[in-house]
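Report on one structure; see the data block that follows.
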Amino acid sequence: AIFKAALFKVGPTAGNTNAIEAYAENHKDLSQIFSNMSIHQKDHFLPWHRWFLLYFEKELQSQSSVTGASKIAMPFWDWTSDTSPTSDLWTTFLGDYNAAPPTGWGLGRSVGTSSTLATQFDVNEVLKLTSFDQIGTASYGSGFFGNTIEATPHNIAHVWVGGQMAQSTSPRDPAFFLHHASVDRLWQEWEDYIGNTSTFNAGSLPSVTGGADPWPTSSTVAGVTLNVAIPTAVDP
């Protein structure tokens with residue numbers, strides 16, 4: 001209840017901040033840059049989206065009018081087990097946001113009508129990979145963890161949800177954040193439990209919404225290892 005209450009506060013419905021629109025526009029702008037600054041198909045796909053999640057989590061925690069908001073942790077959507085378009089995730093937990101304005105956010109979802117979701121087998125295959133990425137670039141299916149996870153399970157889940165989730169403005173749908181929290185969870189598992197190392201080119205990483213560049217001062221060094229965990233506690 002706390003997570004949903006804070007989420008509504010940053011949404012577009014009357015009387016709320018619509019802060020989520022800034023995140024959607026930031027993501028759109030950086031998705032449409034076809035250079036090393038792009039946030040997709042690059043070796044910084046995972047770290048950039050991790051910081052994006054952390055910024056949004058702080059946005060929710062800052063909603064002081066919601067009791068308990070300061071303790072919010074980003075929940076995640078496990079696409080290997082929650083695979084039904086009629087599950088509580090889409091009807092109860094996130095269903096309210098899909099309705100047309102003024103009650104909802106008009107997200108235009110078409111849940112489950114296009115694409116498929118990653119299976120546990122798919123996830124296991126990704127976790128078997130031992131090299132993080134090619135520095136500065138990414139090519140789907142090349143056998144590197146970073147770009148393989150971006151293709152599956154990441155891309156196909158965006159299409160499976162449809163509507164705003166299938167657009168460059170996908171952060172307009174709160175499902176975006178639960179989805180990316182799950183992607184990040186697998187990255188953390190790949191590092192912590194499997195013992196792999198993530199090294200990426202952090203020399204010219206794009207900024208996250210909020211003004212200040214969130215990257216550490218060492219980001220001018222070509223190879224930087226980032227290890228920031230996304231909390232996985234779920235507050236329904």
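Chain labels run A, B, ... following the order of the structure tokens; each chain numbers its residues from 1, and ligands are numbered from 1 in the order shown.
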### Neighbour list for stretch 148-154 of chain A as a PyMOL selection string, cut-off 10 Å, only C-alpha atoms, skip fewer than 5 positions in-chain
chain A and resi 40-42+45-46+79-80+116-119+122-123+125-127+129+132-133+138-143+159+179-180+182-184+186-187
For the residues selected in the previous step, produce a file with C-alpha atoms as an mmCIF file, in the first residue's frame.
data_model
loop_
_atom_site.group_PDB
_atom_site.id
_atom_site.type_symbol
_atom_site.label_atom_id
_atom_site.label_comp_id
_atom_site.auth_asym_id
_atom_site.auth_seq_id
_atom_site.Cartn_x
_atom_site.Cartn_y
_atom_site.Cartn_z
ATOM 1 C CA HIS A 40 20.947 0.916 -24.875
ATOM 2 C CA GLN A 41 23.137 -1.562 -26.728
ATOM 3 C CA LYS A 42 26.140 -0.226 -24.844
ATOM 4 C CA PHE A 45 23.146 -0.347 -20.221
ATOM 5 C CA LEU A 46 23.055 -2.102 -16.845
ATOM 6 C CA TRP A 79 8.883 -12.794 -15.333
ATOM 7 C CA THR A 80 9.830 -16.459 -14.977
ATOM 8 C CA THR A 116 6.820 -14.020 -24.820
ATOM 9 C CA LEU A 117 8.556 -13.780 -21.468
ATOM 10 C CA ALA A 118 11.888 -15.254 -20.494
ATOM 11 C CA THR A 119 11.798 -18.681 -18.913
ATOM 12 C CA ASP A 122 16.625 -18.491 -20.556
ATOM 13 C CA VAL A 123 17.773 -16.869 -17.317
ATOM 14 C CA GLU A 125 21.648 -19.572 -19.931
ATOM 15 C CA VAL A 126 22.374 -15.859 -19.428
ATOM 16 C CA LEU A 127 23.875 -16.490 -15.992
ATOM 17 C CA LEU A 129 28.066 -16.332 -19.484
ATOM 18 C CA PHE A 132 30.403 -8.842 -18.938
ATOM 19 C CA ASP A 133 30.433 -6.950 -22.234
ATOM 20 C CA ALA A 138 27.108 -4.164 -27.602
ATOM 21 C CA SER A 139 25.894 -6.618 -30.202
ATOM 22 C CA TYR A 140 22.988 -8.877 -29.300
ATOM 23 C CA GLY A 141 23.763 -12.552 -29.124
ATOM 24 C CA SER A 142 27.535 -12.160 -29.051
ATOM 25 C CA GLY A 143 27.946 -14.220 -25.872
ATOM 26 C CA VAL A 159 7.058 -5.813 -25.800
ATOM 27 C CA HIS A 179 11.001 -4.899 -14.658
ATOM 28 C CA HIS A 180 14.387 -3.213 -14.447
ATOM 29 C CA SER A 182 14.450 -7.711 -11.819
ATOM 30 C CA VAL A 183 17.061 -7.245 -14.547
ATOM 31 C CA ASP A 184 19.322 -5.608 -11.968
ATOM 32 C CA LEU A 186 20.065 -10.895 -12.063
ATOM 33 C CA TRP A 187 23.103 -8.697 -12.641
#
### Query
Could you name the residues that touch stretch 100-106 of chain A at 8 Å or less, counting only C-alpha atoms, but leaving out those on the same chain fewer than 6 positions away, as a PyMOL selection string?
chain A and resi 11-14
Do a neighbour search on A:Ser62 at 10 Å with only C-alpha atoms, toss out local chain neighbours closer than 6 positions, and write the hits as a PDB file with N, CA, C and O atoms, in the first residue's frame.
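Writing the result to out03.pdb gives the following:
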ATOM      1  N   ALA A   6       2.801   6.165  -2.770  1.00  0.00           N
ATOM      2  CA  ALA A   6       3.882   7.060  -3.182  1.00  0.00           C
ATOM      3  C   ALA A   6       3.941   7.164  -4.701  1.00  0.00           C
ATOM      4  O   ALA A   6       4.195   8.241  -5.258  1.00  0.00           O
ATOM      5  N   PHE A  56      14.853   6.969  -8.917  1.00  0.00           N
ATOM      6  CA  PHE A  56      13.398   6.900  -8.806  1.00  0.00           C
ATOM      7  C   PHE A  56      12.983   6.373  -7.439  1.00  0.00           C
ATOM      8  O   PHE A  56      11.977   6.817  -6.876  1.00  0.00           O
ATOM      9  N   ALA A  69       6.908   6.209   3.577  1.00  0.00           N
ATOM     10  CA  ALA A  69       7.526   6.267   2.249  1.00  0.00           C
ATOM     11  C   ALA A  69       9.047   6.218   2.310  1.00  0.00           C
ATOM     12  O   ALA A  69       9.697   5.680   1.404  1.00  0.00           O
ATOM     13  N   SER A  70       9.626   6.770   3.358  1.00  0.00           N
ATOM     14  CA  SER A  70      11.089   6.815   3.451  1.00  0.00           C
ATOM     15  C   SER A  70      11.722   5.430   3.498  1.00  0.00           C
ATOM     16  O   SER A  70      12.925   5.279   3.278  1.00  0.00           O
ATOM     17  N   LYS A  71      10.920   4.393   3.769  1.00  0.00           N
ATOM     18  CA  LYS A  71      11.444   3.035   3.872  1.00  0.00           C
ATOM     19  C   LYS A  71      11.145   2.189   2.634  1.00  0.00           C
ATOM     20  O   LYS A  71      11.406   0.988   2.620  1.00  0.00           O
ATOM     21  N   ILE A  72      10.599   2.816   1.601  1.00  0.00           N
ATOM     22  CA  ILE A  72      10.256   2.077   0.388  1.00  0.00           C
ATOM     23  C   ILE A  72      11.504   1.477  -0.251  1.00  0.00           C
ATOM     24  O   ILE A  72      12.538   2.131  -0.367  1.00  0.00           O
TER      25      ILE A  72
END
### Message
Let me make sure I understand: among A:Ala22, A:Val161, A:Ala175, A:Ile156, which one has the smallest atom-to-atom distance to A:Phe93 if we use only C-alpha atoms?
### Response
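Under the stated criterion, the closest residue is A:Ala175.
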### Distance criterion (only C-alpha atoms): nearest to A:Lys58 out of A:Leu30, A:Ala99, A:Leu107, A:Leu7
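Closest to A:Lys58 of all the choices is A:Leu7.
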### Query
Do you have the atom CA of A:Glu191-atom CA of A:Arg50 distance handy?
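Atom-to-atom, atom CA of A:Glu191 to atom CA of A:Arg50, that is 14.1 Å.
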## Note on the structure
Using only C-alpha atoms, the residue out of A:Leu89, A:Ala24, A:Val10, A:Ile194 with shortest distance to A:Glu59 is A:Val10
Output as a compact mmCIF listing (two decimals) with N, CA and C atoms, in the first residue's frame all residues of stretch 104-202 of chain A that backbone DSSP marks as alpha helix (DSSP H).
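Writing the result to part-v8.txt gives the following:
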# COMPACT_ATOMS: atom_id res chain seq x y z
N GLN A 120 12.86 -19.69 -17.00
CA GLN A 120 13.99 -19.93 -16.10
C GLN A 120 15.18 -20.49 -16.87
N PHE A 121 14.89 -21.27 -17.90
CA PHE A 121 15.96 -21.79 -18.74
C PHE A 121 16.73 -20.65 -19.40
N ASP A 122 15.99 -19.66 -19.93
CA ASP A 122 16.62 -18.49 -20.56
C ASP A 122 17.53 -17.77 -19.56
N VAL A 123 17.01 -17.56 -18.35
CA VAL A 123 17.77 -16.87 -17.32
C VAL A 123 19.04 -17.65 -16.97
N ASN A 124 18.90 -18.96 -16.82
CA ASN A 124 20.06 -19.80 -16.49
C ASN A 124 21.13 -19.73 -17.57
N GLU A 125 20.70 -19.66 -18.83
CA GLU A 125 21.65 -19.57 -19.93
C GLU A 125 22.41 -18.25 -19.89
N VAL A 126 21.72 -17.17 -19.53
CA VAL A 126 22.37 -15.86 -19.43
C VAL A 126 23.39 -15.87 -18.29
N LEU A 127 23.00 -16.47 -17.16
CA LEU A 127 23.88 -16.49 -15.99
C LEU A 127 25.13 -17.35 -16.19
N PHE A 145 27.45 -11.19 -21.20
CA PHE A 145 26.33 -11.09 -20.26
C PHE A 145 25.51 -9.82 -20.47
N GLY A 146 26.16 -8.66 -20.52
CA GLY A 146 25.45 -7.39 -20.57
C GLY A 146 24.52 -7.24 -21.74
N ASN A 147 25.02 -7.55 -22.95
CA ASN A 147 24.14 -7.36 -24.10
C ASN A 147 23.16 -8.51 -24.29
N THR A 148 23.49 -9.70 -23.79
CA THR A 148 22.55 -10.82 -23.90
C THR A 148 21.35 -10.60 -22.99
N ILE A 149 21.58 -10.14 -21.76
CA ILE A 149 20.46 -9.91 -20.85
C ILE A 149 19.60 -8.74 -21.33
N ILE A 156 12.22 -8.36 -24.53
CA ILE A 156 10.97 -9.07 -24.80
C ILE A 156 9.89 -8.77 -23.76
N ALA A 157 10.28 -8.47 -22.55
CA ALA A 157 9.28 -8.12 -21.52
C ALA A 157 8.64 -6.77 -21.81
N HIS A 158 9.42 -5.82 -22.32
CA HIS A 158 8.86 -4.52 -22.70
C HIS A 158 7.76 -4.72 -23.75
N VAL A 159 8.03 -5.56 -24.73
CA VAL A 159 7.06 -5.81 -25.80
C VAL A 159 5.86 -6.58 -25.26
N TRP A 160 6.09 -7.51 -24.36
CA TRP A 160 5.01 -8.33 -23.78
C TRP A 160 3.99 -7.45 -23.06
N VAL A 161 4.45 -6.43 -22.36
CA VAL A 161 3.53 -5.53 -21.65
C VAL A 161 2.81 -4.61 -22.63
N ALA A 175 5.46 -0.35 -14.37
CA ALA A 175 5.99 -1.68 -14.62
C ALA A 175 7.45 -1.62 -15.05
N PHE A 176 7.84 -0.52 -15.67
CA PHE A 176 9.23 -0.32 -16.09
C PHE A 176 10.19 -0.53 -14.92
N PHE A 177 9.87 0.05 -13.78
CA PHE A 177 10.78 0.03 -12.65
C PHE A 177 10.83 -1.35 -12.00
N LEU A 178 9.70 -2.04 -11.95
CA LEU A 178 9.70 -3.41 -11.42
C LEU A 178 10.45 -4.35 -12.36
N HIS A 179 10.31 -4.09 -13.65
CA HIS A 179 11.00 -4.90 -14.66
C HIS A 179 12.51 -4.71 -14.56
N HIS A 180 12.95 -3.46 -14.50
CA HIS A 180 14.39 -3.21 -14.45
C HIS A 180 14.99 -3.61 -13.10
N ALA A 181 14.20 -3.57 -12.05
CA ALA A 181 14.69 -4.08 -10.76
C ALA A 181 14.99 -5.57 -10.86
N SER A 182 14.21 -6.28 -11.65
CA SER A 182 14.45 -7.71 -11.82
C SER A 182 15.68 -7.96 -12.69
N VAL A 183 15.85 -7.15 -13.73
CA VAL A 183 17.06 -7.25 -14.55
C VAL A 183 18.29 -6.99 -13.68
N ASP A 184 18.19 -5.95 -12.84
CA ASP A 184 19.32 -5.61 -11.97
C ASP A 184 19.58 -6.70 -10.94
N ARG A 185 18.52 -7.33 -10.48
CA ARG A 185 18.66 -8.43 -9.52
C ARG A 185 19.49 -9.55 -10.12
N LEU A 186 19.28 -9.84 -11.41
CA LEU A 186 20.06 -10.90 -12.06
C LEU A 186 21.52 -10.47 -12.25
N TRP A 187 21.72 -9.20 -12.54
CA TRP A 187 23.10 -8.70 -12.64
C TRP A 187 23.81 -8.86 -11.31
N GLN A 188 23.12 -8.51 -10.21
CA GLN A 188 23.73 -8.65 -8.89
C GLN A 188 24.01 -10.12 -8.59
N GLU A 189 23.10 -10.99 -8.98
CA GLU A 189 23.31 -12.42 -8.76
C GLU A 189 24.51 -12.90 -9.56
N TRP A 190 24.62 -12.45 -10.78
CA TRP A 190 25.74 -12.83 -11.65
C TRP A 190 27.07 -12.42 -11.03
N GLU A 191 27.10 -11.24 -10.40
CA GLU A 191 28.33 -10.77 -9.76
C GLU A 191 28.59 -11.45 -8.42
N ASP A 192 27.60 -11.43 -7.55
CA ASP A 192 27.82 -11.83 -6.16
C ASP A 192 27.88 -13.34 -5.95
### Task
Could you jot down the atom CA of A:Ser110 to atom CA of A:Met165 separation for me, Å, one decimal place?
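Atom-to-atom, atom CA of A:Ser110 and atom CA of A:Met165 are spaced 9.7 Å apart.
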#### Entry: strand (DSSP E or B) call set, DSSP backbone run, stretch 1-229 of chain A, as a PyMOL selection string
chain A and resi 200-201+223-224
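Taking atom CA of A:Val111 and atom CA of A:Pro85 as the two end points, the separation is 5.6 Å.
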